[in-house]
file work-v8.txt (compact mmCIF, C-alpha atoms and all ligand atoms)
# COMPACT_ATOMS: atom_id res chain seq x y z
CA MET A 8 -85.05 85.79 26.09
CA SER A 9 -84.62 83.83 29.31
CA ILE A 10 -87.94 82.48 30.54
CA ASN A 11 -87.16 81.91 34.23
CA TYR A 12 -86.65 84.79 36.65
CA ASP A 13 -86.59 85.28 40.40
CA VAL A 14 -88.43 88.59 40.03
CA VAL A 15 -90.42 89.88 37.06
CA VAL A 16 -91.56 93.50 37.09
CA VAL A 17 -94.36 94.69 34.79
CA GLY A 18 -94.00 98.38 33.91
CA CYS A 19 -90.83 100.35 33.32
CA GLY A 20 -91.89 103.60 35.01
CA PRO A 21 -90.25 104.97 38.16
CA ALA A 22 -91.93 102.39 40.42
CA GLY A 23 -91.00 99.43 38.22
CA MET A 24 -87.39 100.52 37.70
CA ALA A 25 -86.88 101.24 41.42
CA ALA A 26 -88.37 97.81 42.26
CA ALA A 27 -86.10 96.03 39.77
CA ILE A 28 -82.95 97.87 40.95
CA GLU A 29 -83.69 96.97 44.58
CA ALA A 30 -84.47 93.30 43.87
CA ALA A 31 -81.41 92.90 41.61
CA SER A 32 -79.13 94.59 44.14
CA TRP A 33 -79.86 91.64 46.52
CA GLY A 34 -78.89 89.15 43.83
CA ALA A 35 -82.33 88.36 42.37
CA LYS A 36 -82.34 87.52 38.65
CA THR A 37 -84.67 90.27 37.53
CA ALA A 38 -86.47 91.38 34.36
CA ILE A 39 -88.77 94.27 33.46
CA PHE A 40 -91.37 94.15 30.70
CA ASP A 41 -92.97 97.29 29.27
CA GLU A 42 -95.31 97.76 26.34
CA ASN A 43 -93.71 101.01 25.12
CA HIS A 44 -90.76 101.41 22.80
CA ARG A 45 -89.16 103.80 25.31
CA PRO A 46 -88.59 103.06 28.99
CA GLY A 47 -89.64 105.47 31.76
CA GLY A 48 -93.45 105.26 31.89
CA GLN A 49 -94.88 108.75 32.45
CA LEU A 50 -91.42 110.19 33.08
CA PHE A 51 -90.26 110.19 29.47
CA LYS A 52 -93.04 112.62 28.56
CA GLN A 53 -92.16 115.03 31.34
CA ILE A 54 -89.90 117.84 30.13
CA HIS A 55 -90.54 120.03 33.19
CA LYS A 56 -88.39 120.07 36.33
CA PHE A 57 -89.80 118.00 39.19
CA PHE A 58 -90.57 119.37 42.64
CA GLY A 59 -89.78 117.58 45.87
CA SER A 60 -86.64 116.60 47.74
CA ARG A 61 -83.15 116.08 46.39
CA ASP A 62 -83.34 112.40 47.36
CA HIS A 63 -86.11 112.13 44.81
CA TYR A 64 -84.40 113.96 41.97
CA ALA A 65 -86.04 117.37 42.56
CA GLY A 66 -84.80 119.87 39.98
CA PHE A 67 -84.31 117.19 37.33
CA ARG A 68 -86.61 116.95 34.34
CA GLY A 69 -88.79 113.82 34.25
CA PHE A 70 -87.00 112.19 31.33
CA GLN A 71 -83.62 112.76 33.04
CA ILE A 72 -84.86 110.87 36.12
CA ALA A 73 -85.90 108.00 33.85
CA GLU A 74 -82.46 107.98 32.17
CA ARG A 75 -80.74 107.74 35.56
CA LEU A 76 -82.97 104.91 36.76
CA LEU A 77 -82.45 103.05 33.49
CA GLU A 78 -78.68 103.35 33.82
CA GLU A 79 -78.90 101.89 37.33
CA CYS A 80 -81.00 99.00 35.97
CA ARG A 81 -78.25 98.29 33.43
CA ASN A 82 -75.55 98.47 36.13
CA LYS A 83 -77.47 95.89 38.17
CA ASN A 84 -77.89 93.57 35.13
CA VAL A 85 -81.66 93.88 35.03
CA ASP A 86 -83.02 92.54 31.71
CA VAL A 87 -85.23 95.31 30.26
CA PHE A 88 -87.68 94.15 27.56
CA LEU A 89 -89.50 96.94 25.71
CA ASN A 90 -92.32 96.55 23.14
CA ALA A 91 -93.44 93.72 25.42
CA VAL A 92 -97.12 93.58 26.38
CA VAL A 93 -97.94 91.41 29.37
CA TYR A 94 -101.44 90.19 28.53
CA GLY A 95 -102.12 87.86 31.42
CA ILE A 96 -100.95 86.10 34.56
CA GLU A 97 -101.83 82.46 35.14
CA LYS A 98 -101.72 80.44 38.34
CA GLY A 99 -98.17 79.49 39.29
CA ASN A 100 -96.81 82.95 38.40
CA LYS A 101 -96.73 82.42 34.64
CA LEU A 102 -96.86 85.64 32.65
CA GLY A 103 -98.09 85.75 29.06
CA VAL A 104 -96.02 88.19 27.00
CA VAL A 105 -96.33 89.29 23.37
CA ARG A 106 -93.29 90.90 21.77
CA PHE A 107 -92.81 91.67 18.08
CA GLY A 108 -95.64 89.31 17.16
CA ASN A 109 -94.22 86.38 19.15
CA SER A 110 -95.80 84.99 22.28
CA TYR A 111 -93.86 83.83 25.36
CA ILE A 112 -94.66 82.34 28.75
CA ILE A 113 -92.34 83.69 31.45
CA ASN A 114 -91.96 81.97 34.83
CA ALA A 115 -91.37 84.15 37.86
CA ASN A 116 -90.87 83.31 41.52
CA ARG A 117 -92.14 86.77 42.41
CA ILE A 118 -94.10 89.30 40.33
CA ILE A 119 -94.22 93.06 40.90
CA LEU A 120 -96.97 94.96 39.08
CA ALA A 121 -96.04 98.60 38.45
CA THR A 122 -98.45 99.25 35.60
CA GLY A 123 -99.26 102.87 36.47
CA ALA A 124 -102.55 104.54 35.63
CA CYS A 125 -105.03 105.22 32.80
CA GLU A 126 -106.73 108.48 31.88
CA ASN A 127 -110.37 109.06 32.74
CA SER A 128 -112.76 110.44 30.17
CA ILE A 129 -116.09 112.25 30.15
CA CYS A 130 -118.96 111.97 27.68
CA PHE A 131 -120.62 114.87 25.87
CA PRO A 132 -122.09 115.27 22.37
CA GLY A 133 -119.19 115.15 19.92
CA TRP A 134 -116.74 113.50 22.36
CA ASP A 135 -115.96 110.83 19.75
CA LEU A 136 -114.83 113.32 17.07
CA PRO A 137 -111.18 113.10 15.99
CA GLY A 138 -109.35 115.85 17.88
CA VAL A 139 -110.96 115.07 21.25
CA MET A 140 -108.30 113.24 23.26
CA GLY A 141 -106.79 112.67 26.70
CA ALA A 142 -104.22 115.21 27.87
CA GLY A 143 -101.75 112.32 28.32
CA ALA A 144 -102.27 111.24 24.71
CA PHE A 145 -101.68 114.83 23.56
CA GLN A 146 -98.49 114.96 25.66
CA THR A 147 -97.23 111.66 24.24
CA LEU A 148 -97.79 112.84 20.65
CA MET A 149 -96.17 116.23 21.36
CA ASN A 150 -93.18 115.26 23.53
CA ILE A 151 -92.38 111.71 22.38
CA GLU A 152 -93.56 111.55 18.77
CA ARG A 153 -92.89 115.27 18.09
CA ILE A 154 -96.34 115.74 16.53
CA LEU A 155 -98.50 118.70 17.54
CA PRO A 156 -102.03 117.30 17.23
CA GLY A 157 -103.61 120.75 16.78
CA LYS A 158 -103.00 124.49 16.87
CA ARG A 159 -105.95 125.72 18.97
CA LEU A 160 -106.44 123.78 22.17
CA LEU A 161 -109.24 123.76 24.70
CA MET A 162 -108.18 122.06 27.95
CA VAL A 163 -110.81 120.53 30.21
CA GLY A 164 -109.49 120.06 33.76
CA SER A 165 -107.23 122.25 35.87
CA GLY A 166 -105.24 119.63 37.82
CA ASN A 167 -101.46 119.53 37.41
CA VAL A 168 -101.68 117.39 34.29
CA GLY A 169 -104.05 119.87 32.60
CA LEU A 170 -101.93 122.86 33.61
CA ILE A 171 -98.58 121.32 32.63
CA VAL A 172 -99.77 119.94 29.30
CA SER A 173 -101.36 123.32 28.43
CA TYR A 174 -98.09 125.09 29.17
CA GLN A 175 -96.11 122.58 27.11
CA ALA A 176 -98.59 123.08 24.23
CA LEU A 177 -97.85 126.82 24.37
CA GLN A 178 -94.11 126.09 24.36
CA ALA A 179 -94.65 123.87 21.31
CA GLY A 180 -96.36 126.73 19.43
CA ALA A 181 -100.07 126.02 19.94
CA ASP A 182 -102.67 128.49 21.24
CA VAL A 183 -104.56 127.51 24.36
CA VAL A 184 -107.97 129.14 23.80
CA ALA A 185 -109.13 128.41 27.37
CA LEU A 186 -108.85 126.05 30.29
CA VAL A 187 -112.13 125.10 31.98
CA ASP A 188 -112.91 123.22 35.17
CA LEU A 189 -116.18 122.31 36.79
CA ALA A 190 -114.67 122.76 40.27
CA PRO A 191 -114.88 126.17 41.99
CA THR A 192 -111.08 126.46 42.29
CA ILE A 193 -108.01 125.49 40.23
CA GLY A 194 -107.01 121.92 41.08
CA GLY A 195 -103.22 121.99 40.41
CA TYR A 196 -100.30 123.94 41.86
CA GLY A 197 -100.52 127.74 41.69
CA VAL A 198 -97.06 127.93 40.12
CA HIS A 199 -98.25 126.01 37.05
CA ALA A 200 -101.48 128.06 36.78
CA ALA A 201 -99.47 131.29 37.05
CA LYS A 202 -97.40 130.32 34.00
CA LEU A 203 -100.59 130.05 31.93
CA ALA A 204 -101.91 133.32 33.30
CA ARG A 205 -98.68 135.05 32.19
CA PHE A 206 -99.37 133.82 28.65
CA GLY A 207 -102.88 135.32 28.90
CA VAL A 208 -104.68 131.94 28.87
CA PRO A 209 -108.18 132.40 30.34
CA ILE A 210 -108.99 129.93 33.13
CA TYR A 211 -112.70 129.44 33.89
CA THR A 212 -113.75 127.59 37.05
CA ASN A 213 -117.37 126.44 37.67
CA SER A 214 -117.39 125.82 33.90
CA THR A 215 -117.33 122.82 31.58
CA ILE A 216 -117.59 121.63 28.00
CA GLU A 217 -121.14 121.10 26.71
CA ARG A 218 -120.39 119.73 23.23
CA ALA A 219 -117.72 119.46 20.54
CA ARG A 220 -118.69 120.45 17.02
CA GLY A 221 -117.32 119.43 13.63
CA GLU A 222 -117.98 117.21 10.60
CA GLN A 223 -114.78 115.22 10.03
CA TYR A 224 -112.96 116.41 13.16
CA VAL A 225 -113.49 118.92 15.96
CA THR A 226 -113.66 122.54 14.79
CA ALA A 227 -115.38 124.21 17.76
CA ALA A 228 -116.37 123.58 21.36
CA ILE A 229 -119.36 124.93 23.23
CA VAL A 230 -118.45 125.72 26.82
CA ARG A 231 -120.78 126.57 29.68
CA ILE A 232 -119.08 129.35 31.62
CA ARG A 233 -121.16 129.59 34.73
CA ASP A 234 -124.64 130.31 33.22
CA GLU A 235 -123.53 131.42 29.79
CA LEU A 236 -122.82 129.30 26.69
CA ARG A 237 -119.81 130.35 24.66
CA GLN A 238 -118.25 128.93 21.48
CA PHE A 239 -114.48 128.55 21.07
CA ASP A 240 -112.96 127.76 17.68
CA THR A 241 -110.62 124.90 18.37
CA ASP A 242 -109.08 121.87 16.63
CA VAL A 243 -108.18 119.92 19.80
CA VAL A 244 -110.14 119.32 22.98
CA CYS A 245 -107.96 117.79 25.68
CA LEU A 246 -109.54 115.96 28.60
CA SER A 247 -107.57 116.04 31.81
CA VAL A 248 -110.20 114.74 34.17
CA GLY A 249 -108.24 112.44 36.42
CA LEU A 250 -106.41 109.15 36.32
CA ARG A 251 -107.28 105.75 37.72
CA PRO A 252 -105.02 102.85 38.65
CA ALA A 253 -104.31 100.33 35.87
CA THR A 254 -105.33 97.22 37.82
CA GLU A 255 -106.33 94.87 34.98
CA LEU A 256 -103.41 92.43 35.43
CA ALA A 257 -103.90 92.29 39.20
CA ARG A 258 -107.56 91.45 38.63
CA ILE A 259 -106.70 88.81 36.00
CA ALA A 260 -104.25 87.27 38.47
CA GLY A 261 -107.02 87.05 41.09
CA CYS A 262 -105.77 89.65 43.60
CA GLN A 263 -108.47 90.97 45.90
CA CYS A 264 -109.56 94.47 44.82
CA THR A 265 -111.87 97.18 46.08
CA PHE A 266 -114.04 99.41 43.90
CA GLN A 267 -115.10 103.02 44.41
CA SER A 268 -116.91 104.84 41.62
CA LYS A 269 -114.69 107.93 41.83
CA LEU A 270 -111.36 106.10 42.21
CA GLY A 271 -111.90 102.91 40.20
CA TYR A 272 -110.39 99.61 41.37
CA GLY A 273 -107.79 99.48 44.13
CA VAL A 274 -105.54 96.46 44.72
CA VAL A 275 -105.62 95.33 48.35
CA HIS A 276 -102.07 95.12 49.67
CA ASN A 277 -100.22 95.23 52.98
CA ARG A 278 -97.38 97.48 54.18
CA LYS A 279 -94.83 95.30 52.38
CA MET A 280 -96.72 95.99 49.09
CA GLU A 281 -97.74 92.31 49.01
CA THR A 282 -101.19 91.61 47.55
CA THR A 283 -103.58 88.89 48.68
CA ILE A 284 -101.51 86.56 46.44
CA ASN A 285 -98.36 86.24 48.51
CA THR A 286 -95.97 86.04 45.56
CA LEU A 287 -97.39 89.12 43.84
CA TYR A 288 -96.55 92.71 44.80
CA VAL A 289 -97.66 96.15 43.58
CA ALA A 290 -95.98 99.59 43.49
CA GLY A 291 -96.62 103.10 42.18
CA ASP A 292 -99.77 104.58 40.64
CA ILE A 293 -101.41 101.13 40.44
CA CYS A 294 -101.84 101.49 44.22
CA GLY A 295 -103.45 104.95 43.93
CA ILE A 296 -102.48 108.07 42.00
CA GLU A 297 -99.56 109.87 43.63
CA GLU A 298 -96.22 111.15 42.34
CA ALA A 299 -92.94 109.86 40.98
CA SER A 300 -91.23 110.25 44.38
CA THR A 301 -93.71 107.98 46.19
CA ALA A 302 -93.72 105.60 43.21
CA ILE A 303 -89.93 105.24 43.57
CA GLU A 304 -90.16 104.54 47.33
CA GLU A 305 -92.99 102.03 46.86
CA GLY A 306 -90.93 100.40 44.12
CA LYS A 307 -87.96 100.03 46.47
CA LEU A 308 -90.23 98.57 49.15
CA SER A 309 -91.78 96.00 46.82
CA GLY A 310 -88.36 95.00 45.40
CA LEU A 311 -86.97 94.61 48.91
CA SER A 312 -90.00 92.63 50.10
CA ALA A 313 -89.80 90.31 47.09
CA ALA A 314 -86.05 89.71 47.60
CA HIS A 315 -86.61 89.21 51.36
CA SER A 316 -89.34 86.63 50.73
CA LEU A 317 -86.90 84.74 48.48
CA GLY A 318 -84.42 84.56 51.36
CA LEU A 319 -81.95 86.92 49.68
CA VAL A 320 -81.94 89.63 52.37
CA PRO A 321 -80.82 89.05 55.98
CA HIS A 322 -83.96 89.35 58.12
CA GLY A 323 -82.76 92.14 60.46
CA LYS A 324 -81.50 94.23 57.56
CA ALA A 325 -84.76 93.80 55.65
CA ILE A 326 -86.85 94.91 58.64
CA ARG A 327 -84.62 97.95 59.19
CA LYS A 328 -84.72 98.98 55.53
CA LYS A 329 -88.48 98.51 55.24
CA LYS A 330 -88.96 100.74 58.28
CA GLU A 331 -86.72 103.43 56.75
CA ILE A 332 -88.64 103.35 53.46
CA GLY A 333 -91.96 103.45 55.34
CA GLU A 334 -90.79 106.58 57.17
CA ARG A 335 -89.76 108.26 53.92
CA LEU A 336 -93.16 107.46 52.41
CA SER A 337 -94.98 108.94 55.43
CA GLU A 338 -92.83 112.07 55.18
CA LEU A 339 -93.56 112.48 51.45
CA ARG A 340 -97.30 111.99 52.01
CA TYR A 341 -97.34 114.38 54.94
C1 LIG B 1 -98.38 115.57 32.93
C2 LIG B 1 -97.81 114.90 34.17
C3 LIG B 1 -96.94 115.62 34.99
C4 LIG B 1 -96.40 115.04 36.14
N1 LIG B 1 -95.55 115.76 36.93
C5 LIG B 1 -95.01 115.22 38.04
C6 LIG B 1 -94.10 115.96 38.87
O1 LIG B 1 -93.80 117.13 38.60
N2 LIG B 1 -93.60 115.36 39.97
C7 LIG B 1 -93.91 114.05 40.28
O2 LIG B 1 -93.40 113.55 41.29
N3 LIG B 1 -94.77 113.34 39.53
C8 LIG B 1 -95.33 113.88 38.42
N4 LIG B 1 -96.20 113.16 37.64
C9 LIG B 1 -96.64 111.85 38.11
C10 LIG B 1 -95.65 110.74 37.82
O3 LIG B 1 -95.21 110.81 36.48
C11 LIG B 1 -96.36 109.40 38.08
O4 LIG B 1 -96.90 109.42 39.39
C12 LIG B 1 -95.36 108.26 37.99
O5 LIG B 1 -94.83 108.18 36.69
C13 LIG B 1 -96.04 106.91 38.34
O6 LIG B 1 -95.07 105.92 38.19
P1 LIG B 1 -95.44 104.39 37.91
O7 LIG B 1 -94.13 103.70 37.71
O8 LIG B 1 -96.37 103.90 38.94
O9 LIG B 1 -96.28 104.38 36.54
P2 LIG B 1 -95.94 104.87 35.05
O10 LIG B 1 -94.90 105.91 35.03
O11 LIG B 1 -97.27 105.18 34.45
O12 LIG B 1 -95.36 103.53 34.37
C14 LIG B 1 -96.15 102.40 34.14
C15 LIG B 1 -95.62 101.66 32.90
O13 LIG B 1 -96.24 100.37 32.83
C16 LIG B 1 -96.53 100.09 31.46
N5 LIG B 1 -97.58 99.04 31.40
C17 LIG B 1 -98.83 99.09 31.90
N6 LIG B 1 -99.49 97.95 31.67
C18 LIG B 1 -98.62 97.14 30.99
C19 LIG B 1 -98.71 95.80 30.45
N7 LIG B 1 -99.84 95.06 30.59
N8 LIG B 1 -97.64 95.29 29.81
C20 LIG B 1 -96.50 96.01 29.69
N9 LIG B 1 -96.35 97.27 30.17
C21 LIG B 1 -97.40 97.82 30.82
C22 LIG B 1 -97.03 101.45 30.96
O14 LIG B 1 -97.07 101.55 29.56
C23 LIG B 1 -95.98 102.37 31.59
O15 LIG B 1 -94.83 102.49 30.78
C24 LIG B 1 -96.74 113.70 36.48
C25 LIG B 1 -97.60 112.95 35.63
C26 LIG B 1 -98.13 113.53 34.48
C27 LIG B 1 -99.05 112.71 33.59
call {"tool": "encode", "arguments": {"input": "work-v8.txt", "output": "structure tokens", "more": "lines below"}}
Ligand SMILES: Cc1cc2nc3c(=O)[nH]c(=O)nc-3n(C[C@H](O)[C@H](O)[C@H](O)COP(=O)(O)OP(=O)(O)OC[C@H]3O[C@@H](n4cnc5c(N)ncnc54)[C@H](O)[C@@H]3O)c2cc1C
result
Amino acid sequence: MSINYDVVVVGCGPAGMAAAIEAASWGAKTAIFDENHRPGGQLFKQIHKFFGSRDHYAGFRGFQIAERLLEECRNKNVDVFLNAVVYGIEKGNKLGVVRFGNSYIINANRIILATGACENSICFPGWDLPGVMGAGAFQTLMNIERILPGKRLLMVGSGNVGLIVSYQALQAGADVVALVDLAPTIGGYGVHAAKLARFGVPIYTNSTIERARGEQYVTAAIVRIRDELRQFDTDVVCLSVGLRPATELARIAGCQCTFQSKLGYGVVHNRKMETTINTLYVAGDICGIEEASTAIEEGKLSGLSAAHSLGLVPHGKAIRKKKEIGERLSELRY
């Protein structure tokens, strides 16, 4: 493993790979580090076809988008290190990395953090029983490890993650006994909710879990459906109650952050994706939960900005390209 790089990217999801491809395409010696044994971040779990524009791989399944980005990384000679946990960032852009039990210090001229997001949780009696888990954890076990964690699933949360994971559980052979959400309306896209409705899955809004029951593991869940308490026999309760940016490394590094109780920490950054530490950039869900398409554009912008700051991109060209990416981001967000 080389220990000196122009650009080091943490996180091998869509934002991190797009950032590395962009930086390397301007001649920066670039590496990506990711803690997983498979590259792709959230994308490798996604077996459904993505929405959006053709420029952002609409119509491809998530894992296919990851495969394409990874191939581009290889073509651009980006060093991709998997099973590599970045545990800290010291002054002078030194990253602490643990890989296969060995510890390394990596020097980087520029760092791009593309660490994605973490799942939120909620507390209720019985929430610590085996079988109560995040929807993302359920999806990882089902789609990556090929393990179905249970046969009778109660999903809490009707955003896109809750809807998609419920549908994938049905495809994998589980029953979804119900999907509940405290909000008055379904949070995710109608098209995903309609798929569940076609399978006869009941969706209850204005409703939530009161407790999980069981001795060794969850065997039932008590749900408040409006004013009525109802018991569902279940062996998995999935929580899909939002995501929050994974900002730990940015905070360790000393980047200025904001905090809002509903959103968690946010890393302060400018339009070039540069944080308050001028050699450290951010991209993707770490900046706020969005989608793969915006993560890819933010990744490109951070990779370009990092390469520009190293003097690798002609100034006029960099300004023009940054403006183009900014316009694409505005369009996607609109
Ligand atoms: C169920 C579900 C369905 C979705 N469907 C769609 C869709 O249809 N269309 C769409 O556009 N988007 C969709 N998304 C959202 C999309 O997947 C994310 O917005 C996107 O993956 C964010 O990209 P990212 O690169 O910022 O983060 P991620 O993809 O989360 O990648 C971050 C990577 O960083 C790694 N990492 C974090 N910390 C460290 C560390 N300290 N050391 C080493 N590695 C670290 C993580 O393990 C991870 O691999 C979906 C998401 C989910 C969960």
call {"tool": "closest_atom_pairs", "arguments": {"input": "work-v8.txt", "of": "chain A", "to": "ligand LIG 1 (chain B)", "cutoff": "7 Å", "atoms": "all atoms listed in the file", "output": "CSV"}}
result
residue,atom,partner,partner_atom,distance
A:Val17,CA,B:LIG1,N9,5.7
A:Gly18,CA,B:LIG1,O13,3.2
A:Cys19,CA,B:LIG1,C15,5.0
A:Gly20,CA,B:LIG1,O7,3.5
A:Pro21,CA,B:LIG1,O7,4.1
A:Ala22,CA,B:LIG1,O7,3.7
A:Gly23,CA,B:LIG1,O7,5.3
A:Phe40,CA,B:LIG1,C20,5.5
A:Asp41,CA,B:LIG1,N9,3.5
A:Glu42,CA,B:LIG1,C20,4.0
A:Asn43,CA,B:LIG1,O14,5.6
A:Pro46,CA,B:LIG1,O15,6.5
A:Gly47,CA,B:LIG1,O15,6.1
A:Gly48,CA,B:LIG1,O15,3.3
A:Gln49,CA,B:LIG1,O10,3.8
A:Leu50,CA,B:LIG1,O3,5.1
A:Gln53,CA,B:LIG1,C3,6.0
A:His55,CA,B:LIG1,O1,7.0
A:Lys56,CA,B:LIG1,O1,6.6
A:Phe57,CA,B:LIG1,O1,4.1
A:Phe58,CA,B:LIG1,O1,5.6
A:Ala91,CA,B:LIG1,C20,5.7
A:Val92,CA,B:LIG1,N8,3.9
A:Val93,CA,B:LIG1,N8,3.9
A:Tyr94,CA,B:LIG1,N7,5.5
A:Ala121,CA,B:LIG1,O8,5.3
A:Thr122,CA,B:LIG1,O13,3.7
A:Gly123,CA,B:LIG1,O9,3.3
A:Ala124,CA,B:LIG1,O11,5.4
A:Gly143,CA,B:LIG1,C27,5.9
A:Asn167,CA,B:LIG1,C3,6.4
A:Val168,CA,B:LIG1,C1,4.0
A:Ile171,CA,B:LIG1,C1,5.8
A:Val172,CA,B:LIG1,C1,5.8
A:Ala253,CA,B:LIG1,N6,6.8
A:Leu256,CA,B:LIG1,N7,6.6
A:Ala290,CA,B:LIG1,O8,6.3
A:Gly291,CA,B:LIG1,O8,3.3
A:Asp292,CA,B:LIG1,O8,3.9
A:Ile293,CA,B:LIG1,O8,5.9
A:Ile296,CA,B:LIG1,O4,6.3
A:Glu297,CA,B:LIG1,O4,5.0
A:Glu298,CA,B:LIG1,O4,3.5
A:Ala299,CA,B:LIG1,O2,3.7
A:Ser300,CA,B:LIG1,O2,5.0
A:Ala302,CA,B:LIG1,O6,5.2
call {"tool": "closest_residue", "arguments": {"input": "work-v8.txt", "among": "A:Ile151, A:Ala260, A:Leu120, A:Leu203", "to": "Phe70 in chain A", "atoms": "only C-alpha atoms"}}
result
A:Ile151
call {"tool": "atom_distance", "arguments": {"input": "work-v8.txt", "atom1": "CA of Lys329 in chain A", "atom2": "CA of Asp86 in chain A"}}
result
24.9 Å
call {"tool": "closest_residue", "arguments": {"input": "work-v8.txt", "among": "A:Arg61, A:Arg68, A:Ile10, A:Gly133", "to": "Asn114 in chain A", "atoms": "all atoms listed in the file"}}
result
A:Ile10
call {"tool": "atom_distance", "arguments": {"input": "work-v8.txt", "atom1": "CA of Lys36 in chain A", "atom2": "CA of Glu334 in chain A"}}
result
27.9 Å
call {"tool": "closest_residue", "arguments": {"input": "work-v8.txt", "among": "A:Gly261, A:Gly207, A:Pro132, A:Gly166", "to": "Ile96 in chain A", "atoms": "only C-alpha atoms"}}
result
A:Gly261
call {"tool": "closest_residue", "arguments": {"input": "work-v8.txt", "among": "A:Leu311, A:Ala25, A:Glu304, A:Leu136", "to": "Ser337 in chain A", "atoms": "all atoms listed in the file"}}
result
A:Glu304
call {"tool": "residues_around", "arguments": {"input": "work-v8.txt", "residues": "Pro156 in chain A", "least_positions_apart": "2", "cutoff": "12 Å", "atoms": "all atoms listed in the file", "output": "PyMOL selection string"}}
result
chain A and resi 137-142+144-150+152-154+158-160+176+179-182+224-225+241-245
call {"tool": "residues_near_point", "arguments": {"input": "work-v8.txt", "point": "(-83.7, 91.8, 48.1)", "cutoff": "7 Å", "atoms": "all atoms listed in the file", "output": "PyMOL selection string"}}
result
chain A and resi 29-35+310-315+319-320
call {"tool": "write_last_selection", "arguments": {"input": "work-v8.txt", "atoms": "C-alpha atoms", "output": "JSON list (two decimals), in the frame of the given file"}}
result
[["chain", "number", "residue", "atom", "x", "y", "z"],
["A", 29, "GLU", "CA", -83.69, 96.97, 44.58],
["A", 30, "ALA", "CA", -84.47, 93.30, 43.87],
["A", 31, "ALA", "CA", -81.41, 92.90, 41.61],
["A", 32, "SER", "CA", -79.13, 94.59, 44.14],
["A", 33, "TRP", "CA", -79.86, 91.64, 46.52],
["A", 34, "GLY", "CA", -78.89, 89.15, 43.83],
["A", 35, "ALA", "CA", -82.33, 88.36, 42.37],
["A", 310, "GLY", "CA", -88.36, 95.00, 45.40],
["A", 311, "LEU", "CA", -86.97, 94.61, 48.91],
["A", 312, "SER", "CA", -90.00, 92.63, 50.10],
["A", 313, "ALA", "CA", -89.80, 90.31, 47.09],
["A", 314, "ALA", "CA", -86.05, 89.71, 47.60],
["A", 315, "HIS", "CA", -86.61, 89.21, 51.36],
["A", 319, "LEU", "CA", -81.95, 86.92, 49.68],
["A", 320, "VAL", "CA", -81.94, 89.63, 52.37]]
